[in-house]
file data.cif (mmCIF, C-alpha atoms)
data_input
#
loop_
_atom_site.group_PDB
_atom_site.id
_atom_site.type_symbol
_atom_site.label_atom_id
_atom_site.label_comp_id
_atom_site.auth_asym_id
_atom_site.auth_seq_id
_atom_site.Cartn_x
_atom_site.Cartn_y
_atom_site.Cartn_z
ATOM 1 C CA MET A 147 60.071 136.502 139.612
ATOM 2 C CA ALA A 148 58.779 138.046 136.382
ATOM 3 C CA GLU A 149 60.190 141.423 135.538
ATOM 4 C CA SER A 150 57.835 144.337 135.893
ATOM 5 C CA ARG A 151 56.384 145.545 132.606
ATOM 6 C CA ASN A 152 57.178 149.072 133.736
ATOM 7 C CA GLN A 153 60.820 148.342 134.512
ATOM 8 C CA ARG A 154 63.050 150.945 132.891
ATOM 9 C CA VAL A 155 66.766 151.203 132.175
ATOM 10 C CA GLU A 156 68.082 154.285 133.935
ATOM 11 C CA ALA A 157 71.008 154.861 131.555
ATOM 12 C CA VAL A 158 68.699 154.722 128.544
ATOM 13 C CA ASP A 159 66.267 157.144 130.181
ATOM 14 C CA LYS A 160 69.118 159.572 130.797
ATOM 15 C CA ALA A 161 70.361 159.250 127.214
ATOM 16 C CA LEU A 162 66.850 159.977 125.937
ATOM 17 C CA LYS A 163 66.699 163.010 128.217
ATOM 18 C CA VAL A 164 69.844 164.309 126.486
ATOM 19 C CA LEU A 165 68.320 163.846 123.032
ATOM 20 C CA HIS A 166 65.029 165.451 124.099
ATOM 21 C CA SER A 167 66.907 168.504 125.355
ATOM 22 C CA PHE A 168 67.519 169.626 121.757
ATOM 23 C CA LYS A 169 64.700 171.862 120.527
ATOM 24 C CA ASN A 170 63.701 173.270 117.153
ATOM 25 C CA GLY A 171 65.530 176.543 116.670
ATOM 26 C CA ASP A 172 68.662 175.371 118.482
ATOM 27 C CA SER A 173 71.971 175.456 116.712
ATOM 28 C CA THR A 174 74.492 173.430 118.696
ATOM 29 C CA LEU A 175 74.580 173.367 122.484
ATOM 30 C CA GLU A 176 77.423 173.786 124.931
ATOM 31 C CA LEU A 177 77.974 171.306 127.731
ATOM 32 C CA ASN A 178 76.815 173.841 130.338
ATOM 33 C CA GLU A 179 73.504 174.340 128.517
ATOM 34 C CA LEU A 180 72.950 170.590 128.164
ATOM 35 C CA ALA A 181 73.629 170.144 131.878
ATOM 36 C CA LYS A 182 71.127 172.897 132.649
ATOM 37 C CA ARG A 183 68.430 171.407 130.413
ATOM 38 C CA THR A 184 68.860 167.801 131.537
ATOM 39 C CA GLY A 185 69.665 168.361 135.206
ATOM 40 C CA LEU A 186 72.495 165.814 134.887
ATOM 41 C CA HIS A 187 75.953 166.153 136.412
ATOM 42 C CA LYS A 188 78.596 167.012 133.814
ATOM 43 C CA SER A 189 80.569 163.826 134.484
ATOM 44 C CA THR A 190 77.481 161.700 133.796
ATOM 45 C CA LEU A 191 76.546 163.857 130.838
ATOM 46 C CA LEU A 192 79.978 163.507 129.243
ATOM 47 C CA ARG A 193 79.782 159.703 129.423
ATOM 48 C CA LEU A 194 76.332 159.710 127.856
ATOM 49 C CA LEU A 195 77.404 162.124 125.124
ATOM 50 C CA LYS A 196 80.395 159.932 124.292
ATOM 51 C CA SER A 197 78.192 156.852 123.890
ATOM 52 C CA LEU A 198 75.623 158.765 121.835
ATOM 53 C CA GLU A 199 78.400 160.193 119.669
ATOM 54 C CA GLU A 200 79.825 156.742 118.986
ATOM 55 C CA GLY A 201 76.317 155.574 118.100
ATOM 56 C CA GLY A 202 75.789 158.395 115.619
ATOM 57 C CA LEU A 203 73.018 160.156 117.534
ATOM 58 C CA ILE A 204 75.188 163.043 118.745
ATOM 59 C CA ASN A 205 77.750 165.055 116.812
ATOM 60 C CA ARG A 206 80.585 166.760 118.740
ATOM 61 C CA LEU A 207 81.923 169.761 116.840
ATOM 62 C CA PRO A 208 85.485 171.137 116.901
ATOM 63 C CA ASP A 209 84.368 174.067 119.087
ATOM 64 C CA LYS A 210 83.288 171.480 121.711
ATOM 65 C CA THR A 211 79.571 172.087 121.228
ATOM 66 C CA TYR A 212 77.098 169.285 120.521
ATOM 67 C CA GLY A 213 74.419 168.725 117.908
ATOM 68 C CA ILE A 214 72.135 165.927 116.744
ATOM 69 C CA GLY A 215 73.988 163.240 114.780
ATOM 70 C CA SER A 216 73.274 161.945 111.284
ATOM 71 C CA LEU A 217 71.742 158.687 112.534
ATOM 72 C CA ALA A 218 68.688 160.667 113.621
ATOM 73 C CA LEU A 219 68.016 161.648 109.992
ATOM 74 C CA HIS A 220 68.530 158.056 108.869
ATOM 75 C CA LEU A 221 66.052 156.790 111.466
ATOM 76 C CA ALA A 222 63.534 159.472 110.488
ATOM 77 C CA SER A 223 63.621 158.331 106.857
ATOM 78 C CA ILE A 224 63.132 154.701 107.932
ATOM 79 C CA TYR A 225 60.219 155.755 110.149
ATOM 80 C CA GLN A 226 58.451 157.456 107.257
ATOM 81 C CA ARG A 227 58.979 154.527 104.881
ATOM 82 C CA MET A 228 58.002 151.975 107.528
ATOM 83 C CA TYR A 229 54.507 153.399 107.816
ATOM 84 C CA ARG A 230 54.174 153.973 104.043
ATOM 85 C CA LEU A 231 53.056 157.498 104.699
ATOM 86 C CA GLU A 232 55.037 160.100 102.775
ATOM 87 C CA HIS A 233 54.327 158.720 99.297
ATOM 88 C CA HIS A 234 50.583 158.942 99.971
ATOM 89 C CA ILE A 235 50.424 162.046 102.137
ATOM 90 C CA ARG A 236 52.831 164.582 100.650
ATOM 91 C CA PRO A 237 51.005 165.061 97.302
ATOM 92 C CA VAL A 238 47.659 165.540 99.064
ATOM 93 C CA LEU A 239 49.150 168.136 101.411
ATOM 94 C CA GLN A 240 50.647 170.019 98.485
ATOM 95 C CA ARG A 241 47.356 170.034 96.583
ATOM 96 C CA LEU A 242 45.341 171.124 99.617
ATOM 97 C CA MET A 243 47.804 173.944 100.327
ATOM 98 C CA ASN A 244 47.466 175.137 96.721
ATOM 99 C CA GLU A 245 43.665 174.950 96.871
ATOM 100 C CA THR A 246 43.301 176.830 100.150
ATOM 101 C CA GLY A 247 46.414 178.993 100.257
ATOM 102 C CA GLU A 248 46.984 177.920 103.879
ATOM 103 C CA SER A 249 49.456 175.637 105.651
ATOM 104 C CA VAL A 250 48.639 171.937 105.847
ATOM 105 C CA SER A 251 50.140 169.404 108.268
ATOM 106 C CA PHE A 252 49.868 165.738 109.159
ATOM 107 C CA TYR A 253 50.167 164.847 112.847
ATOM 108 C CA ARG A 254 50.640 161.420 114.384
ATOM 109 C CA ARG A 255 50.270 160.554 118.050
ATOM 110 C CA GLU A 256 53.363 159.425 119.930
ATOM 111 C CA GLY A 257 52.606 158.820 123.603
ATOM 112 C CA ASP A 258 51.235 161.992 125.153
ATOM 113 C CA GLN A 259 52.365 164.198 122.263
ATOM 114 C CA ARG A 260 51.420 164.847 118.657
ATOM 115 C CA ILE A 261 54.291 164.866 116.162
ATOM 116 C CA CYS A 262 54.222 166.859 112.929
ATOM 117 C CA LEU A 263 55.393 164.303 110.372
ATOM 118 C CA PHE A 264 54.671 166.254 107.204
ATOM 119 C CA ARG A 265 54.103 169.937 106.537
ATOM 120 C CA GLU A 266 53.423 172.135 103.514
ATOM 121 C CA ASN A 267 53.732 175.827 104.333
ATOM 122 C CA SER A 268 51.484 178.548 102.990
ATOM 123 C CA GLU A 269 53.168 180.952 100.597
ATOM 124 C CA HIS A 270 51.748 183.896 102.554
ATOM 125 C CA ALA A 271 54.290 185.873 104.562
ATOM 126 C CA LEU A 272 51.855 185.845 107.487
ATOM 127 C CA ARG A 273 51.313 182.247 108.578
ATOM 128 C CA ASP A 274 51.621 179.999 111.594
ATOM 129 C CA HIS A 275 54.998 178.378 112.097
ATOM 130 C CA ALA A 276 55.619 174.653 112.517
ATOM 131 C CA LEU A 277 58.379 172.311 111.419
ATOM 132 C CA GLU A 278 58.362 168.655 110.519
ATOM 133 C CA GLY A 279 59.387 166.824 113.652
ATOM 134 C CA ASP A 280 57.808 169.345 116.037
ATOM 135 C CA ALA A 281 56.306 167.740 119.142
ATOM 136 C CA ARG A 282 53.247 169.394 120.653
ATOM 137 C CA PRO A 283 50.903 168.479 123.508
ATOM 138 C CA LEU A 284 47.669 166.588 123.015
ATOM 139 C CA THR A 285 45.731 169.068 125.113
ATOM 140 C CA LYS A 286 45.139 171.857 122.583
ATOM 141 C CA GLY A 287 44.446 172.296 118.875
ATOM 142 C CA ALA A 288 42.212 170.728 116.251
ATOM 143 C CA SER A 289 44.641 167.884 115.474
ATOM 144 C CA ALA A 290 44.918 167.080 119.194
ATOM 145 C CA GLN A 291 41.120 166.761 119.386
ATOM 146 C CA ILE A 292 41.122 164.329 116.455
ATOM 147 C CA LEU A 293 43.962 162.217 117.852
ATOM 148 C CA MET A 294 42.239 161.938 121.213
ATOM 149 C CA LYS A 295 38.620 161.391 120.163
ATOM 150 C CA PHE A 296 39.335 158.960 117.311
ATOM 151 C CA GLU A 297 42.009 156.957 119.108
ATOM 152 C CA ASN A 298 39.800 153.899 119.612
ATOM 153 C CA VAL A 299 37.449 154.421 116.656
ATOM 154 C CA HIS A 300 37.497 152.011 113.704
ATOM 155 C CA ALA A 301 37.251 153.495 110.209
ATOM 156 C CA ALA A 302 34.270 151.327 109.319
ATOM 157 C CA HIS A 303 32.376 152.067 112.529
ATOM 158 C CA VAL A 304 32.631 155.798 113.184
ATOM 159 C CA PRO A 305 29.674 156.855 115.351
ATOM 160 C CA GLU A 306 27.298 159.047 113.361
ATOM 161 C CA LYS A 307 27.463 161.925 115.841
ATOM 162 C CA LEU A 308 31.273 161.944 115.718
ATOM 163 C CA ALA A 309 31.322 161.744 111.925
ATOM 164 C CA ARG A 310 28.987 164.749 111.665
ATOM 165 C CA ALA A 311 31.294 166.787 113.911
ATOM 166 C CA VAL A 312 34.244 166.454 111.488
ATOM 167 C CA PRO A 313 36.200 168.566 110.814
ATOM 168 C CA PHE A 314 37.046 169.734 114.315
ATOM 169 C CA PHE A 315 37.799 173.449 114.572
ATOM 170 C CA SER A 316 40.249 175.270 116.799
ATOM 171 C CA PHE A 317 40.469 179.018 117.418
ATOM 172 C CA GLU A 318 43.547 180.338 119.217
ATOM 173 C CA GLU A 319 43.729 177.228 121.403
ATOM 174 C CA PHE A 320 47.415 176.527 120.889
ATOM 175 C CA THR A 321 48.760 179.792 119.435
ATOM 176 C CA LYS A 322 47.241 183.241 119.754
ATOM 177 C CA GLY A 323 45.887 184.490 116.420
ATOM 178 C CA ILE A 324 45.908 181.056 114.779
ATOM 179 C CA SER A 325 42.885 178.982 113.788
ATOM 180 C CA GLY A 326 42.642 175.532 112.277
ATOM 181 C CA ALA A 327 40.570 172.522 111.297
ATOM 182 C CA ALA A 328 41.426 168.829 111.304
ATOM 183 C CA VAL A 329 40.074 165.495 110.075
ATOM 184 C CA PRO A 330 41.074 161.901 110.878
ATOM 185 C CA VAL A 331 43.145 159.682 108.602
ATOM 186 C CA PHE A 332 42.867 155.901 108.974
ATOM 187 C CA GLY A 333 45.215 153.057 108.028
ATOM 188 C CA ALA A 334 44.725 149.620 106.479
ATOM 189 C CA ASN A 335 43.849 148.073 109.847
ATOM 190 C CA GLY A 336 41.044 150.583 110.255
ATOM 191 C CA LYS A 337 42.805 152.278 113.141
ATOM 192 C CA LEU A 338 43.620 155.971 113.316
ATOM 193 C CA ALA A 339 46.827 156.797 111.423
ATOM 194 C CA GLY A 340 46.896 160.518 112.178
ATOM 195 C CA ALA A 341 45.248 163.891 111.742
ATOM 196 C CA LEU A 342 45.246 166.087 108.650
ATOM 197 C CA THR A 343 45.204 169.747 109.665
ATOM 198 C CA LEU A 344 44.678 173.096 107.942
ATOM 199 C CA THR A 345 45.986 176.118 109.876
ATOM 200 C CA GLY A 346 46.468 179.836 109.372
ATOM 201 C CA PRO A 347 46.007 183.318 110.819
ATOM 202 C CA LEU A 348 42.550 183.947 112.244
ATOM 203 C CA THR A 349 42.373 187.145 110.204
ATOM 204 C CA ARG A 350 42.269 184.994 107.035
ATOM 205 C CA LEU A 351 41.094 181.636 108.316
ATOM 206 C CA THR A 352 37.843 182.767 109.925
ATOM 207 C CA GLN A 353 35.167 180.300 111.011
ATOM 208 C CA GLU A 354 33.256 181.070 107.812
ATOM 209 C CA ARG A 355 36.307 180.349 105.683
ATOM 210 C CA LEU A 356 37.131 177.179 107.599
ATOM 211 C CA THR A 357 33.565 175.994 107.040
ATOM 212 C CA HIS A 358 33.982 176.767 103.340
ATOM 213 C CA PHE A 359 37.094 174.549 103.240
ATOM 214 C CA SER A 360 35.516 171.731 105.265
ATOM 215 C CA GLN A 361 34.581 169.509 102.342
ATOM 216 C CA LEU A 362 37.998 169.924 100.739
ATOM 217 C CA LEU A 363 39.594 168.848 104.007
ATOM 218 C CA ARG A 364 37.262 165.865 104.457
ATOM 219 C CA ASN A 365 37.898 164.742 100.877
ATOM 220 C CA ALA A 366 41.659 165.010 101.373
ATOM 221 C CA GLY A 367 41.498 162.939 104.560
ATOM 222 C CA ASP A 368 39.413 160.273 102.840
ATOM 223 C CA GLN A 369 41.812 160.202 99.877
ATOM 224 C CA ILE A 370 44.788 159.480 102.120
ATOM 225 C CA SER A 371 42.816 156.885 104.108
ATOM 226 C CA ARG A 372 41.839 155.058 100.917
ATOM 227 C CA ALA A 373 45.427 155.163 99.667
ATOM 228 C CA LEU A 374 46.527 153.565 102.948
ATOM 229 C CA GLY A 375 43.877 150.852 102.496
ATOM 230 C CA ALA A 376 41.439 151.961 105.186
ATOM 231 C CA PRO A 377 37.963 150.338 105.100
ATOM 232 C CA LEU A 378 35.886 153.516 105.204
ATOM 233 C CA ALA A 379 32.231 152.998 106.070
ATOM 234 C CA HIS A 380 30.926 155.316 103.324
ATOM 235 C CA ASP A 381 32.880 153.352 100.699
ATOM 236 C CA GLY A 382 30.886 150.219 101.457
#
call {"tool": "encode", "arguments": {"input": "data.cif", "output": "structure tokens"}}
result
Amino acid sequence: MAESRNQRVEAVDKALKVLHSFKNGDSTLELNELAKRTGLHKSTLLRLLKSLEEGGLINRLPDKTYGIGSLALHLASIYQRMYRLEHHIRPVLQRLMNETGESVSFYRREGDQRICLFRENSEHALRDHALEGDARPLTKGASAQILMKFENVHAAHVPEKLARAVPFFSFEEFTKGISGAAVPVFGANGKLAGALTLTGPLTRLTQERLTHFSQLLRNAGDQISRALGAPLAHDG
């Protein structure tokens, strides 16, 4: 009998649950806290932690707390190089941040979440806060709208109505007091590679100001898409 495509390995699922229990802002976590976050019995948790430690994904400190291991950083660097993204995206983010004075991010869809792969923070003391590696839901925010609505759209065949709607705006959808705008970025296969997003406090980044920055944002998205080899319709 053929194995079900949805068949899962329980031990792997539990190990992933341990890794997902670490959140941005955490230092290291005690065993009791990990048990609370994962819902796993301590005996099971200790076996999983030992395996993850030996694999380099967990680091056990002398005070018997646990943190993410160095292999995670190694895998993150491979991930970025594998998709040829950072070399093309980082300079554009830096330029756009300098031109607008606001924070700029690049989000990529992973399952039912959007992951912040690259981020250039505004130099203003008052700004929204996000870190590279942050995982956020696909239900709210300008980048979430882009990742959902362009998921099955080819770069060379963007419907005219959808193209006219870009950039997508967001006002306090995800975080109170924060507004943003996002545009799609396409890859060499013409499929969506991610969303380029400009965000900041609503007191500065009003709808009028976002509209003013719209062309800059569209141009930046197109620049990255071209660098990735996307066949944009308006380049034909």
call {"tool": "resolve_selection", "arguments": {"input": "data.cif", "expression": "the PyMOL selection byres ((chain A and resi 279) around 7)", "output": "short mmCIF file (atom, residue, chain, number, x, y, z; two decimals) with C-alpha atoms, in the coordinates of the input"}}
result
data_model
loop_
_atom_site.label_atom_id
_atom_site.label_comp_id
_atom_site.auth_asym_id
_atom_site.auth_seq_id
_atom_site.Cartn_x
_atom_site.Cartn_y
_atom_site.Cartn_z
CA ILE A 261 54.29 164.87 116.16
CA CYS A 262 54.22 166.86 112.93
CA LEU A 263 55.39 164.30 110.37
CA LEU A 277 58.38 172.31 111.42
CA GLU A 278 58.36 168.66 110.52
CA ASP A 280 57.81 169.34 116.04
CA ALA A 281 56.31 167.74 119.14
#
call {"tool": "atom_distance", "arguments": {"input": "data.cif", "atom1": "CA of Tyr253 in chain A", "atom2": "CA of His220 in chain A"}}
result
20.0 Å
call {"tool": "axis_aligned_box", "arguments": {"input": "data.cif", "around": "range 366-380 of chain A", "padding_each_side": "4 Å", "output": "lines of an AutoDock Vina configuration file"}}
result
center_x = 38.7
center_y = 157.7
center_z = 102.9
size_x = 23.6
size_y = 22.7
size_z = 14.4
call {"tool": "closest_residue", "arguments": {"input": "data.cif", "among": "A:Gly202, A:Gly367, A:Lys196, A:Lys210", "to": "Leu239 in chain A", "atoms": "only C-alpha atoms"}}
result
A:Gly367
call {"tool": "closest_residue", "arguments": {"input": "data.cif", "among": "A:Arg350, A:Arg355, A:His234, A:Arg254", "to": "Ala290 in chain A", "atoms": "only C-alpha atoms"}}
result
A:Arg254
call {"tool": "closest_residue", "arguments": {"input": "data.cif", "among": "A:Gly346, A:Gly213, A:Gly185, A:Gly333", "to": "Leu165 in chain A", "atoms": "all atoms listed in the file"}}
result
A:Gly213
call {"tool": "closest_residue", "arguments": {"input": "data.cif", "among": "A:Ser223, A:Gln369, A:Ser249, A:Ser325", "to": "Glu354 in chain A", "atoms": "all atoms listed in the file"}}
result
A:Ser325
call {"tool": "resolve_selection", "arguments": {"input": "data.cif", "expression": "the PyMOL selection byres ((chain A and resi 157) around 12)", "output": "list in words"}}
result
Arg154, Val155, Glu156, Val158, Asp159, Lys160, Ala161, Leu162, Lys163, Val164, Leu186, Thr190, Leu191, Arg193, Leu194, Leu195, Ser197 and Leu198 of chain A
call {"tool": "residues_around", "arguments": {"input": "data.cif", "residues": "Ser360 in chain A", "least_positions_apart": "5", "cutoff": "9 Å", "atoms": "all atoms listed in the file", "output": "number ranges by chain"}}
result
A: 312-313, 327-328, 355, 365
call {"tool": "resolve_selection", "arguments": {"input": "data.cif", "expression": "the PyMOL selection byres ((chain A and resi 377) around 10)", "output": "ChimeraX atom specification"}}
result
/A:300-303,332-337,371-372,374-376,378-382
call {"tool": "write_last_selection", "arguments": {"input": "data.cif", "atoms": "C-alpha atoms", "output": "compact mmCIF listing (two decimals), in the frame of the given file"}}
result
# COMPACT_ATOMS: atom_id res chain seq x y z
CA HIS A 300 37.50 152.01 113.70
CA ALA A 301 37.25 153.50 110.21
CA ALA A 302 34.27 151.33 109.32
CA HIS A 303 32.38 152.07 112.53
CA PHE A 332 42.87 155.90 108.97
CA GLY A 333 45.22 153.06 108.03
CA ALA A 334 44.72 149.62 106.48
CA ASN A 335 43.85 148.07 109.85
CA GLY A 336 41.04 150.58 110.26
CA LYS A 337 42.80 152.28 113.14
CA SER A 371 42.82 156.88 104.11
CA ARG A 372 41.84 155.06 100.92
CA LEU A 374 46.53 153.56 102.95
CA GLY A 375 43.88 150.85 102.50
CA ALA A 376 41.44 151.96 105.19
CA LEU A 378 35.89 153.52 105.20
CA ALA A 379 32.23 153.00 106.07
CA HIS A 380 30.93 155.32 103.32
CA ASP A 381 32.88 153.35 100.70
CA GLY A 382 30.89 150.22 101.46
call {"tool": "atom_distance", "arguments": {"input": "data.cif", "atom1": "CA of His270 in chain A", "atom2": "CA of Pro347 in chain A"}}
result
10.1 Å
call {"tool": "residues_near_point", "arguments": {"input": "data.cif", "point": "(83.7, 168.7, 118.9)", "cutoff": "12 Å", "atoms": "all atoms listed in the file", "output": "list of chain:residue names"}}
result
A:Thr174, A:Leu175, A:Glu176, A:Leu177, A:Leu195, A:Lys196, A:Glu199, A:Ile204, A:Asn205, A:Arg206, A:Leu207, A:Pro208, A:Asp209, A:Lys210, A:Thr211, A:Tyr212, A:Gly213, A:Gly215
call {"tool": "closest_residue", "arguments": {"input": "data.cif", "among": "A:Val329, A:Leu308, A:Ala341, A:Ala373", "to": "Arg265 in chain A", "atoms": "all atoms listed in the file"}}
result
A:Ala341
call {"tool": "residues_around", "arguments": {"input": "data.cif", "residues": "Ser251 in chain A", "least_positions_apart": "2", "cutoff": "6 Å", "atoms": "all atoms listed in the file", "output": "ChimeraX atom specification"}}
result
/A:264-265,342-343
call {"tool": "build_atoms", "arguments": {"input": "data.cif", "residues": "range 351-367 of chain A", "atoms": "N, CA, C and O atoms", "output": "short mmCIF file (atom, residue, chain, number, x, y, z; two decimals), in the frame of the given file"}}
result
data_model
loop_
_atom_site.label_atom_id
_atom_site.label_comp_id
_atom_site.auth_asym_id
_atom_site.auth_seq_id
_atom_site.Cartn_x
_atom_site.Cartn_y
_atom_site.Cartn_z
N LEU A 351 41.78 182.91 108.14
CA LEU A 351 41.09 181.64 108.32
C LEU A 351 40.01 181.77 109.38
O LEU A 351 40.11 181.25 110.49
N THR A 352 38.98 182.55 109.03
CA THR A 352 37.84 182.77 109.92
C THR A 352 37.00 181.50 110.00
O THR A 352 37.20 180.55 109.22
N GLN A 353 36.04 181.46 110.91
CA GLN A 353 35.17 180.30 111.01
C GLN A 353 34.40 180.09 109.71
O GLN A 353 34.21 178.95 109.26
N GLU A 354 33.97 181.18 109.09
CA GLU A 354 33.26 181.07 107.81
C GLU A 354 34.14 180.44 106.74
O GLU A 354 33.69 179.58 105.97
N ARG A 355 35.40 180.87 106.70
CA ARG A 355 36.31 180.35 105.68
C ARG A 355 36.69 178.89 105.97
O ARG A 355 36.80 178.08 105.05
N LEU A 356 36.86 178.57 107.25
CA LEU A 356 37.13 177.18 107.60
C LEU A 356 35.97 176.28 107.20
O LEU A 356 36.17 175.17 106.69
N THR A 357 34.75 176.75 107.43
CA THR A 357 33.56 175.99 107.04
C THR A 357 33.53 175.80 105.53
O THR A 357 33.19 174.71 105.03
N HIS A 358 33.93 176.84 104.80
CA HIS A 358 33.98 176.77 103.34
C HIS A 358 34.96 175.69 102.87
O HIS A 358 34.72 175.01 101.86
N PHE A 359 36.06 175.52 103.62
CA PHE A 359 37.09 174.55 103.24
C PHE A 359 36.82 173.14 103.80
O PHE A 359 37.59 172.21 103.52
N SER A 360 35.75 172.99 104.56
CA SER A 360 35.52 171.73 105.26
C SER A 360 35.46 170.52 104.34
O SER A 360 36.06 169.48 104.62
N GLN A 361 34.72 170.65 103.24
CA GLN A 361 34.58 169.51 102.34
C GLN A 361 35.90 169.16 101.67
O GLN A 361 36.22 167.98 101.48
N LEU A 362 36.67 170.18 101.31
CA LEU A 362 38.00 169.92 100.74
C LEU A 362 38.85 169.13 101.72
O LEU A 362 39.55 168.18 101.33
N LEU A 363 38.79 169.51 102.99
CA LEU A 363 39.59 168.85 104.01
C LEU A 363 39.11 167.41 104.23
O LEU A 363 39.93 166.48 104.33
N ARG A 364 37.79 167.23 104.29
CA ARG A 364 37.26 165.86 104.46
C ARG A 364 37.65 164.98 103.28
O ARG A 364 38.05 163.82 103.46
N ASN A 365 37.54 165.52 102.07
CA ASN A 365 37.90 164.74 100.88
C ASN A 365 39.38 164.35 100.89
O ASN A 365 39.73 163.23 100.50
N ALA A 366 40.22 165.29 101.32
CA ALA A 366 41.66 165.01 101.37
C ALA A 366 41.96 163.92 102.39
O ALA A 366 42.77 163.01 102.14
N GLY A 367 41.30 163.97 103.56
CA GLY A 367 41.50 162.94 104.56
C GLY A 367 41.05 161.58 104.07
O GLY A 367 41.73 160.56 104.28
#
